[in-house]
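Engineer: The following file, final_10.tsv, comprises TSV, C-alpha atoms:
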```tsv
chain	number	residue	atom	x	y	z
A	1	MET	CA	56.98	298.05	56.15
A	2	TYR	CA	58.88	295.74	58.49
A	3	THR	CA	61.37	296.41	61.27
A	4	ILE	CA	63.33	293.80	63.22
A	5	TRP	CA	65.64	294.48	66.15
A	6	GLY	CA	67.83	291.92	67.83
A	7	ALA	CA	70.95	291.08	69.75
A	8	GLN	CA	72.97	287.98	70.49
A	9	THR	CA	75.86	286.91	72.64
A	10	GLN	CA	77.91	283.74	72.88
A	11	ASN	CA	80.51	282.43	75.32
A	12	ASN	CA	82.84	279.46	75.00
A	13	TYR	CA	83.39	276.86	77.72
A	14	ASP	CA	86.13	279.01	79.28
A	15	GLY	CA	83.61	281.77	79.81
A	16	ASP	CA	85.15	284.04	77.16
A	17	LYS	CA	82.71	286.04	75.07
A	18	ASN	CA	83.56	285.02	71.51
A	19	GLU	CA	80.51	286.37	69.71
A	20	GLY	CA	78.03	289.17	70.19
A	21	ASP	CA	76.24	291.89	68.25
A	22	VAL	CA	73.29	294.26	68.15
A	23	HIS	CA	71.45	294.50	64.84
A	24	ALA	CA	68.45	296.06	63.16
A	25	TRP	CA	66.71	295.44	59.82
A	26	TRP	CA	64.18	297.66	58.07
A	27	GLN	CA	62.30	296.99	54.85
A	28	ALA	CA	59.60	298.83	52.93
A	29	THR	CA	57.69	298.21	49.70
A	30	PHE	CA	56.17	301.22	47.97
A	31	LYS	CA	52.91	301.44	46.04
A	32	ASN	CA	54.81	301.18	42.75
A	33	TYR	CA	56.31	297.87	44.03
A	34	MET	CA	59.81	299.28	44.38
A	35	ASN	CA	61.45	298.22	47.62
A	36	VAL	CA	64.28	299.29	49.91
A	37	SER	CA	65.85	297.63	52.93
A	38	THR	CA	68.62	298.50	55.36
A	39	PHE	CA	70.57	296.31	57.75
A	40	VAL	CA	72.80	297.68	60.53
A	41	LEU	CA	75.02	295.54	62.76
A	42	LEU	CA	77.27	296.62	65.64
A	43	HIS	CA	79.84	293.97	66.49
A	44	PRO	CA	82.26	294.81	69.34
A	45	SER	CA	85.68	293.22	69.75
A	46	THR	CA	85.48	289.68	71.13
A	47	TYR	CA	87.76	286.89	72.21
A	48	ASP	CA	88.71	284.44	69.45
A	49	GLU	CA	90.24	281.03	70.12
A	50	ARG	CA	90.59	280.25	66.39
A	51	LEU	CA	92.40	283.32	65.09
A	52	THR	CA	95.83	281.86	65.87
A	53	ARG	CA	94.98	278.55	64.15
A	54	GLY	CA	95.22	276.36	67.25
A	55	GLY	CA	97.20	278.77	69.42
A	56	PRO	CA	96.07	280.78	72.44
A	57	THR	CA	92.98	282.96	72.66
A	58	VAL	CA	93.37	286.56	71.49
A	59	ILE	CA	91.02	289.44	70.72
A	60	ARG	CA	89.57	289.92	67.25
A	61	TYR	CA	88.81	293.53	66.37
A	62	GLY	CA	85.18	294.51	66.16
A	63	TYR	CA	83.35	296.25	63.33
A	64	ASN	CA	80.18	298.14	62.46
A	65	MET	CA	78.33	297.18	59.27
A	66	TRP	CA	75.74	299.03	57.22
A	67	SER	CA	74.03	297.49	54.19
A	68	THR	CA	71.30	298.93	51.95
A	69	ASN	CA	69.42	297.22	49.13
A	70	PHE	CA	67.14	298.83	46.55
A	71	GLY	CA	65.02	296.97	44.03
A	72	THR	CA	62.57	297.90	41.29
A	73	ASP	CA	59.23	296.33	40.40
A	74	SER	CA	59.87	292.63	39.71
A	75	ARG	CA	56.86	292.48	37.35
A	76	LYS	CA	58.47	294.78	34.80
A	77	ARG	CA	60.35	293.75	31.66
A	78	ILE	CA	63.55	295.22	33.12
A	79	VAL	CA	64.21	294.67	36.83
A	80	GLY	CA	67.07	296.35	38.67
A	81	ASN	CA	68.59	295.74	42.06
A	82	ALA	CA	71.49	297.42	43.86
A	83	GLN	CA	73.15	296.64	47.18
A	84	VAL	CA	75.91	298.53	48.97
A	85	GLN	CA	77.71	297.20	52.05
A	86	ILE	CA	80.09	299.25	54.18
A	87	ILE	CA	82.08	297.96	57.16
A	88	ARG	CA	84.01	300.23	59.48
A	89	PRO	CA	86.53	298.78	61.95
A	90	VAL	CA	86.49	299.10	65.72
A	91	ASP	CA	89.74	299.37	67.76
A	92	ASN	CA	91.94	299.75	64.67
A	93	THR	CA	92.45	301.82	61.52
A	94	GLU	CA	93.56	299.07	59.11
A	95	GLY	CA	90.36	297.13	58.52
A	96	GLY	CA	87.19	297.98	56.63
A	97	ARG	CA	85.19	296.95	53.62
A	98	VAL	CA	83.17	298.48	50.79
A	99	ALA	CA	81.23	296.21	48.43
A	100	TYR	CA	78.83	296.85	45.56
A	101	TYR	CA	76.34	294.28	44.23
A	102	PRO	CA	74.24	295.66	41.36
A	103	SER	CA	72.16	293.44	39.10
A	104	VAL	CA	69.74	293.74	36.20
A	105	THR	CA	67.28	291.21	34.81
A	106	VAL	CA	65.92	291.64	31.30
A	107	LYS	CA	62.88	289.76	30.01
A	108	PRO	CA	62.62	290.51	26.27
A	109	SER	CA	59.84	287.96	25.94
A	110	SER	CA	58.08	285.30	27.94
A	111	ARG	CA	60.57	282.79	26.54
A	112	LEU	CA	63.85	284.58	27.36
A	113	LEU	CA	65.36	285.83	30.62
A	114	VAL	CA	68.83	287.39	30.98
A	115	THR	CA	70.43	288.36	34.31
A	116	LEU	CA	73.71	290.22	34.80
A	117	SER	CA	75.07	290.48	38.36
A	118	PRO	CA	78.49	292.13	38.66
A	119	SER	CA	80.10	292.63	42.07
A	120	LEU	CA	83.05	294.62	43.35
A	121	ASP	CA	84.44	293.88	46.82
A	122	MET	CA	87.22	295.96	48.41
A	123	ASP	CA	88.07	294.32	51.71
A	124	ASN	CA	90.83	295.19	54.18
A	125	THR	CA	91.50	292.70	56.98
A	126	ALA	CA	93.67	293.96	59.83
A	127	GLN	CA	94.34	290.60	61.51
A	128	GLN	CA	94.97	288.08	58.75
A	129	TYR	CA	96.94	285.03	59.88
A	130	VAL	CA	100.21	284.53	57.97
A	131	THR	CA	102.35	281.90	59.70
A	132	ALA	CA	103.53	280.48	63.01
A	133	VAL	CA	107.23	280.25	63.89
A	134	THR	CA	108.88	278.31	66.71
A	135	ASP	CA	110.86	280.70	68.93
A	136	PRO	CA	111.97	279.82	72.49
A	137	MET	CA	112.49	283.53	73.21
A	138	VAL	CA	108.83	284.40	72.72
A	139	SER	CA	106.62	285.13	75.74
A	140	PRO	CA	105.80	281.94	77.75
A	141	GLN	CA	102.13	282.78	77.21
A	142	PHE	CA	102.54	281.68	73.60
A	143	ALA	CA	104.26	278.37	74.47
A	144	GLY	CA	107.34	278.99	72.33
A	145	THR	CA	105.47	279.94	69.16
A	146	ARG	CA	105.40	283.31	67.45
A	147	TYR	CA	102.14	283.95	65.57
A	148	VAL	CA	102.55	286.32	62.64
A	149	PHE	CA	99.65	288.35	61.25
A	150	GLY	CA	99.40	290.94	58.53
A	151	LYS	CA	97.04	293.41	56.92
A	152	LEU	CA	95.38	291.88	53.85
A	153	GLU	CA	94.11	294.19	51.12
A	154	GLN	CA	91.84	292.06	48.94
A	155	ARG	CA	90.09	293.20	45.76
A	156	THR	CA	87.54	290.96	44.05
A	157	LEU	CA	85.59	291.50	40.84
A	158	SER	CA	83.10	289.02	39.41
A	159	MET	CA	80.21	288.88	36.96
A	160	ASP	CA	77.42	286.31	37.26
A	161	THR	CA	75.59	285.88	33.96
A	162	ARG	CA	72.47	283.76	33.47
A	163	VAL	CA	70.47	283.13	30.31
A	164	ASN	CA	67.30	281.01	30.36
A	165	MET	CA	65.59	280.21	27.06
A	166	THR	CA	62.35	278.28	26.53
A	167	PHE	CA	61.97	277.05	22.94
A	168	THR	CA	58.88	274.94	23.63
A	169	PRO	CA	57.28	273.60	26.82
A	170	TYR	CA	59.42	270.49	26.26
A	171	LEU	CA	62.75	272.06	25.23
A	172	THR	CA	64.68	274.58	27.37
A	173	LEU	CA	68.24	275.90	27.61
A	174	GLU	CA	69.92	277.30	30.73
A	175	MET	CA	73.38	278.89	30.64
A	176	PHE	CA	75.51	280.30	33.44
A	177	ALA	CA	78.96	281.96	33.40
A	178	GLN	CA	81.01	283.51	36.20
A	179	PRO	CA	84.36	285.20	35.51
A	180	PHE	CA	86.17	285.93	38.79
A	181	LEU	CA	89.29	288.01	39.50
A	182	SER	CA	90.78	288.47	42.96
A	183	SER	CA	94.01	289.90	44.36
A	184	GLY	CA	95.46	289.95	47.86
A	185	LYS	CA	98.37	292.03	49.10
A	186	TYR	CA	99.90	291.60	52.57
A	187	SER	CA	101.61	294.33	54.56
A	188	SER	CA	101.94	295.63	58.12
A	189	PHE	CA	103.20	292.36	59.66
A	190	LYS	CA	102.60	292.11	63.39
A	191	GLU	CA	102.03	289.85	66.41
A	192	PHE	CA	99.90	289.98	69.54
A	193	ALA	CA	101.57	291.52	72.59
A	194	GLY	CA	99.96	288.97	74.88
A	195	VAL	CA	97.27	286.33	75.30
A	196	LYS	CA	93.73	287.74	75.38
A	197	SER	CA	95.13	291.08	74.29
A	198	ARG	CA	93.95	293.42	71.55
A	199	HIS	CA	97.30	295.21	71.41
A	200	MET	CA	99.61	294.14	68.60
A	201	ASN	CA	103.33	294.81	68.11
A	202	PHE	CA	104.20	295.85	64.56
A	203	PHE	CA	107.37	294.40	63.04
A	204	GLY	CA	109.58	297.14	61.69
A	205	ARG	CA	108.21	299.65	64.18
A	206	ASP	CA	108.07	298.23	67.71
A	207	ASN	CA	110.74	296.64	69.95
A	208	GLY	CA	113.56	297.48	67.54
A	209	SER	CA	112.29	294.89	65.05
A	210	THR	CA	113.06	294.95	61.33
A	211	VAL	CA	111.35	293.67	58.17
A	212	THR	CA	113.37	292.89	55.03
A	213	ARG	CA	111.80	292.13	51.65
A	214	ASN	CA	113.98	289.71	49.68
A	215	VAL	CA	113.90	289.15	45.91
A	216	ASP	CA	115.64	286.13	44.39
A	217	ALA	CA	117.90	287.37	41.59
A	218	GLN	CA	117.32	284.27	39.42
A	219	THR	CA	113.65	283.42	39.91
A	220	GLY	CA	112.25	286.74	41.11
A	221	ALA	CA	110.60	284.94	44.04
A	222	ILE	CA	109.84	287.20	47.00
A	223	SER	CA	110.27	286.34	50.67
A	224	TYR	CA	110.41	288.24	53.95
A	225	THR	CA	112.93	288.19	56.79
A	226	ILE	CA	111.80	289.49	60.16
A	227	ASP	CA	114.01	290.16	63.16
A	228	PRO	CA	111.49	290.50	66.02
A	229	ASP	CA	113.76	292.37	68.46
A	230	GLY	CA	116.65	293.84	66.48
A	231	ALA	CA	119.80	293.45	68.61
A	232	GLY	CA	117.91	291.27	71.10
A	233	PRO	CA	118.36	287.52	71.61
A	234	ALA	CA	115.45	286.36	69.41
A	235	ALA	CA	116.47	284.82	66.10
A	236	SER	CA	115.22	286.20	62.80
A	237	PHE	CA	112.87	284.09	60.67
A	238	ASP	CA	111.77	283.90	57.04
A	239	PHE	CA	108.50	283.21	55.24
A	240	ASP	CA	107.45	283.19	51.61
A	241	ASN	CA	105.50	285.97	49.97
A	242	PRO	CA	101.82	285.44	50.85
A	243	ASP	CA	100.48	287.80	48.13
A	244	PHE	CA	98.16	286.25	45.56
A	245	ASN	CA	96.22	286.82	42.35
A	246	PHE	CA	93.54	284.26	41.65
A	247	ARG	CA	91.37	284.11	38.57
A	248	SER	CA	88.72	281.68	37.41
A	249	LEU	CA	85.97	281.23	34.86
A	250	ARG	CA	83.13	278.78	35.32
A	251	GLY	CA	80.52	278.17	32.68
A	252	THR	CA	77.65	275.70	32.41
A	253	GLY	CA	75.05	274.99	29.76
A	254	VAL	CA	72.10	272.61	30.25
A	255	LEU	CA	69.77	271.62	27.41
A	256	ARG	CA	66.63	269.90	28.73
A	257	TRP	CA	64.42	267.88	26.37
A	258	GLU	CA	61.29	266.15	27.57
A	259	TYR	CA	60.98	263.70	24.70
A	260	ARG	CA	57.85	262.10	26.12
A	261	PRO	CA	55.66	262.98	29.11
A	262	GLY	CA	57.69	262.42	32.28
A	263	SER	CA	60.81	261.27	30.41
A	264	THR	CA	63.67	263.75	29.98
A	265	LEU	CA	67.15	263.99	28.53
A	266	TYR	CA	69.72	266.50	29.86
A	267	PHE	CA	72.76	267.51	27.78
A	268	VAL	CA	75.27	269.28	30.06
A	269	TRP	CA	78.47	271.11	29.17
A	270	THR	CA	80.74	272.58	31.85
A	271	GLN	CA	83.95	274.52	31.35
A	272	GLU	CA	86.30	275.67	34.12
A	273	ARG	CA	89.61	277.49	33.91
A	274	ASN	CA	91.69	279.07	36.65
A	275	GLY	CA	95.12	280.51	37.28
A	276	PHE	CA	97.31	281.82	40.09
A	277	ASP	CA	100.05	284.46	40.33
A	278	GLN	CA	101.64	286.50	43.12
A	279	PHE	CA	101.62	290.07	41.86
A	280	GLY	CA	99.44	291.16	44.79
A	281	ASP	CA	97.98	294.20	43.01
A	282	PHE	CA	94.69	294.27	41.11
A	283	ASN	CA	95.11	294.85	37.36
A	284	PHE	CA	91.94	294.14	35.39
A	285	SER	CA	93.49	294.19	31.92
A	286	ARG	CA	96.41	291.93	32.87
A	287	ASP	CA	94.36	289.39	34.84
A	288	ARG	CA	91.51	289.27	32.31
A	289	SER	CA	93.95	288.50	29.49
A	290	ALA	CA	95.68	285.83	31.59
A	291	LEU	CA	92.31	284.21	32.37
A	292	PHE	CA	91.61	283.46	28.71
A	293	ARG	CA	95.11	282.05	28.29
A	294	ASP	CA	94.59	279.53	31.10
A	295	ARG	CA	94.02	275.96	29.99
A	296	PRO	CA	90.31	275.05	30.22
A	297	THR	CA	88.77	271.84	31.51
A	298	ASN	CA	85.64	270.76	29.62
A	299	VAL	CA	83.18	268.19	30.88
A	300	PHE	CA	80.27	266.81	28.82
A	301	GLN	CA	77.47	264.79	30.41
A	302	ILE	CA	74.23	263.21	29.29
A	303	LYS	CA	71.59	262.30	31.83
A	304	GLY	CA	68.30	260.63	31.05
A	305	THR	CA	65.13	259.68	32.90
A	306	TYR	CA	62.33	257.42	31.70
A	307	TRP	CA	58.85	257.43	33.17
A	308	ILE	CA	57.31	253.97	33.43
A	309	GLY	CA	53.58	254.52	33.58
A	310	ARG	CA	50.84	252.09	34.36
```
Could you take the file, read its structure, and then write that structure out as structure tokens?

Structural biologist:
Amino acid sequence: MYTIWGAQTQNNYDGDKNEGDVHAWWQATFKNYMNVSTFVLLHPSTYDERLTRGGPTVIRYGYNMWSTNFGTDSRKRIVGNAQVQIIRPVDNTEGGRVAYYPSVTVKPSSRLLVTLSPSLDMDNTAQQYVTAVTDPMVSPQFAGTRYVFGKLEQRTLSMDTRVNMTFTPYLTLEMFAQPFLSSGKYSSFKEFAGVKSRHMNFFGRDNGSTVTRNVDAQTGAISYTIDPDGAGPAASFDFDNPDFNFRSLRGTGVLRWEYRPGSTLYFVWTQERNGFDQFGDFNFSRDRSALFRDRPTNVFQIKGTYWIGR
């Protein structure tokens, strides 16, 4: 059994605390060789000079994280592992994350090993940068630039698959495939009320502001129009829909042949396909079907080594 406690803090050259946390890790292995570990991290809100992408320093919301991992006896023919990670926000109600990382390894024989590692990540980010807009009416603290943020709801599903096969001590095959589906939907557009402030003004709710969602009648393209102060002097501004759906499939196969002691030939095949849409929602059936309609890129390589002995 092991236990580790720690803490860290970091300040930039302006003296602003831009990093800091308190954490603890605990791990135990039982007599049957099963194991369990837990990691806890408390991260308070800190200053962040990068959140505005080159703009002034603001405050990034803090979070508390809890992660637990459980694994079975790695000597067995079937080995399981499961990890759960939960993040709860500090100073806001929009953030948070829940992620699951199970895996199973099957060893039918000494020559074959198969590993399946799916993952599901449901991540909400309260302060996701969207765009920056020039506006002379904005607070002088922001030097004539309005920094727009939004809440990002991101859903990601993937499956890592590995197959290792040993035909002889001189001939082996390794295969890897990773289908990946991810969606991101933006909402709750907002801006910081001031420099080095954690308070944010929400467009469509505060200061008489309004948010309009526009749909092009011909193309169906979506954009947003925001009036930051309603009847006030600030001009409205537009930006394109930041929602996204990304999908990809990567696969690799490597055949290794040691045709003489120390001399080896590698036959490598790699396929990659990916696609992008802007639905914003996560739809497994739709995105999976679209993935296999995407045009693949195939790469074939042969690599050889020759051992020159004495």

Engineer: Report, in Å to a single decimal, how far apart atom CA of A:Ser109 and atom CA of A:Pro261 are.

Structural biologist: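 Computed distance, atom CA of A:Pro261 to atom CA of A:Ser109, equals 25.5 Å.
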
Engineer: Which residues of stretch 53-86 of chain A come within 12 Å of stretch 15-19 of chain A, and what is each one's closest atom pair and distance in Å (one decimal), counting only C-alpha atoms, sorted by chain and residue number, as a tab-separated table?

Structural biologist:
```
residue	atom	partner	partner_atom	distance
A:Thr57	CA	A:Asp16	CA	9.1
A:Val58	CA	A:Asn18	CA	9.9
A:Ile59	CA	A:Asn18	CA	8.7
A:Arg60	CA	A:Asn18	CA	8.8
A:Tyr61	CA	A:Asn18	CA	11.2
A:Gly62	CA	A:Glu19	CA	10.0
```

Engineer: Residues as selected, C-alpha atoms, written as a PDB file, in the coordinates of the input, can you do that?

Structural biologist:
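After the write, again_20.pdb holds the following:
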```pdb
ATOM      1  CA  THR A  57      92.980 282.960  72.660  1.00  0.00           C
ATOM      2  CA  VAL A  58      93.370 286.560  71.490  1.00  0.00           C
ATOM      3  CA  ILE A  59      91.020 289.440  70.720  1.00  0.00           C
ATOM      4  CA  ARG A  60      89.570 289.920  67.250  1.00  0.00           C
ATOM      5  CA  TYR A  61      88.810 293.530  66.370  1.00  0.00           C
ATOM      6  CA  GLY A  62      85.180 294.510  66.160  1.00  0.00           C
TER       7      GLY A  62
END
```

Engineer: For a quick check of understanding, using all atoms listed in the file, which of A:Asp135, A:Asp238, A:Glu174, A:Glu191 has the smallest distance to A:Val148?

Structural biologist: A:Glu191

Engineer: For the contact check between stretch 168-209 of chain A and stretch 242-254 of chain A, emit one row per residue of stretch 168-209 of chain A within 12 Å, containing the shortest atom pair and the distance in Å rounded to one decimal, counting only C-alpha atoms, chain then rising number order, as CSV.

Structural biologist:
```
residue,atom,partner,partner_atom,distance
A:Leu171,CA,A:Val254,CA,10.6
A:Thr172,CA,A:Val254,CA,8.2
A:Leu173,CA,A:Val254,CA,5.7
A:Glu174,CA,A:Val254,CA,5.2
A:Met175,CA,A:Gly253,CA,4.3
A:Phe176,CA,A:Thr252,CA,5.2
A:Ala177,CA,A:Gly251,CA,4.2
A:Gln178,CA,A:Arg250,CA,5.3
A:Pro179,CA,A:Leu249,CA,4.3
A:Phe180,CA,A:Ser248,CA,5.1
A:Leu181,CA,A:Arg247,CA,4.5
A:Ser182,CA,A:Phe246,CA,5.2
A:Ser183,CA,A:Asn245,CA,4.3
A:Gly184,CA,A:Phe244,CA,5.1
A:Lys185,CA,A:Asp243,CA,4.8
A:Tyr186,CA,A:Asp243,CA,5.9
A:Ser187,CA,A:Asp243,CA,9.2
A:Phe189,CA,A:Pro242,CA,11.3
```

Engineer: For a test of reading the model, state the distance in Å between atom CA of A:Val163 and atom CA of A:Asp287, rounded to one decimal.

Structural biologist: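 It comes out at 25.1 Å.
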
Engineer: Work out how far apart atom CA of A:Val36 and atom CA of A:Gln154 are and give it in Å to one decimal.

Structural biologist: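 Spanning atom CA of A:Val36 to atom CA of A:Gln154 is a straight-line distance of 28.5 Å.
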
Engineer: I need the residue nearest A:Gln8 from this list: A:Gly304, A:His23, A:Phe192, A:Ala28. Use only C-alpha atoms for the distance.

Structural biologist: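 Among the listed residues, the smallest separation from A:Gln8 belongs to A:His23.
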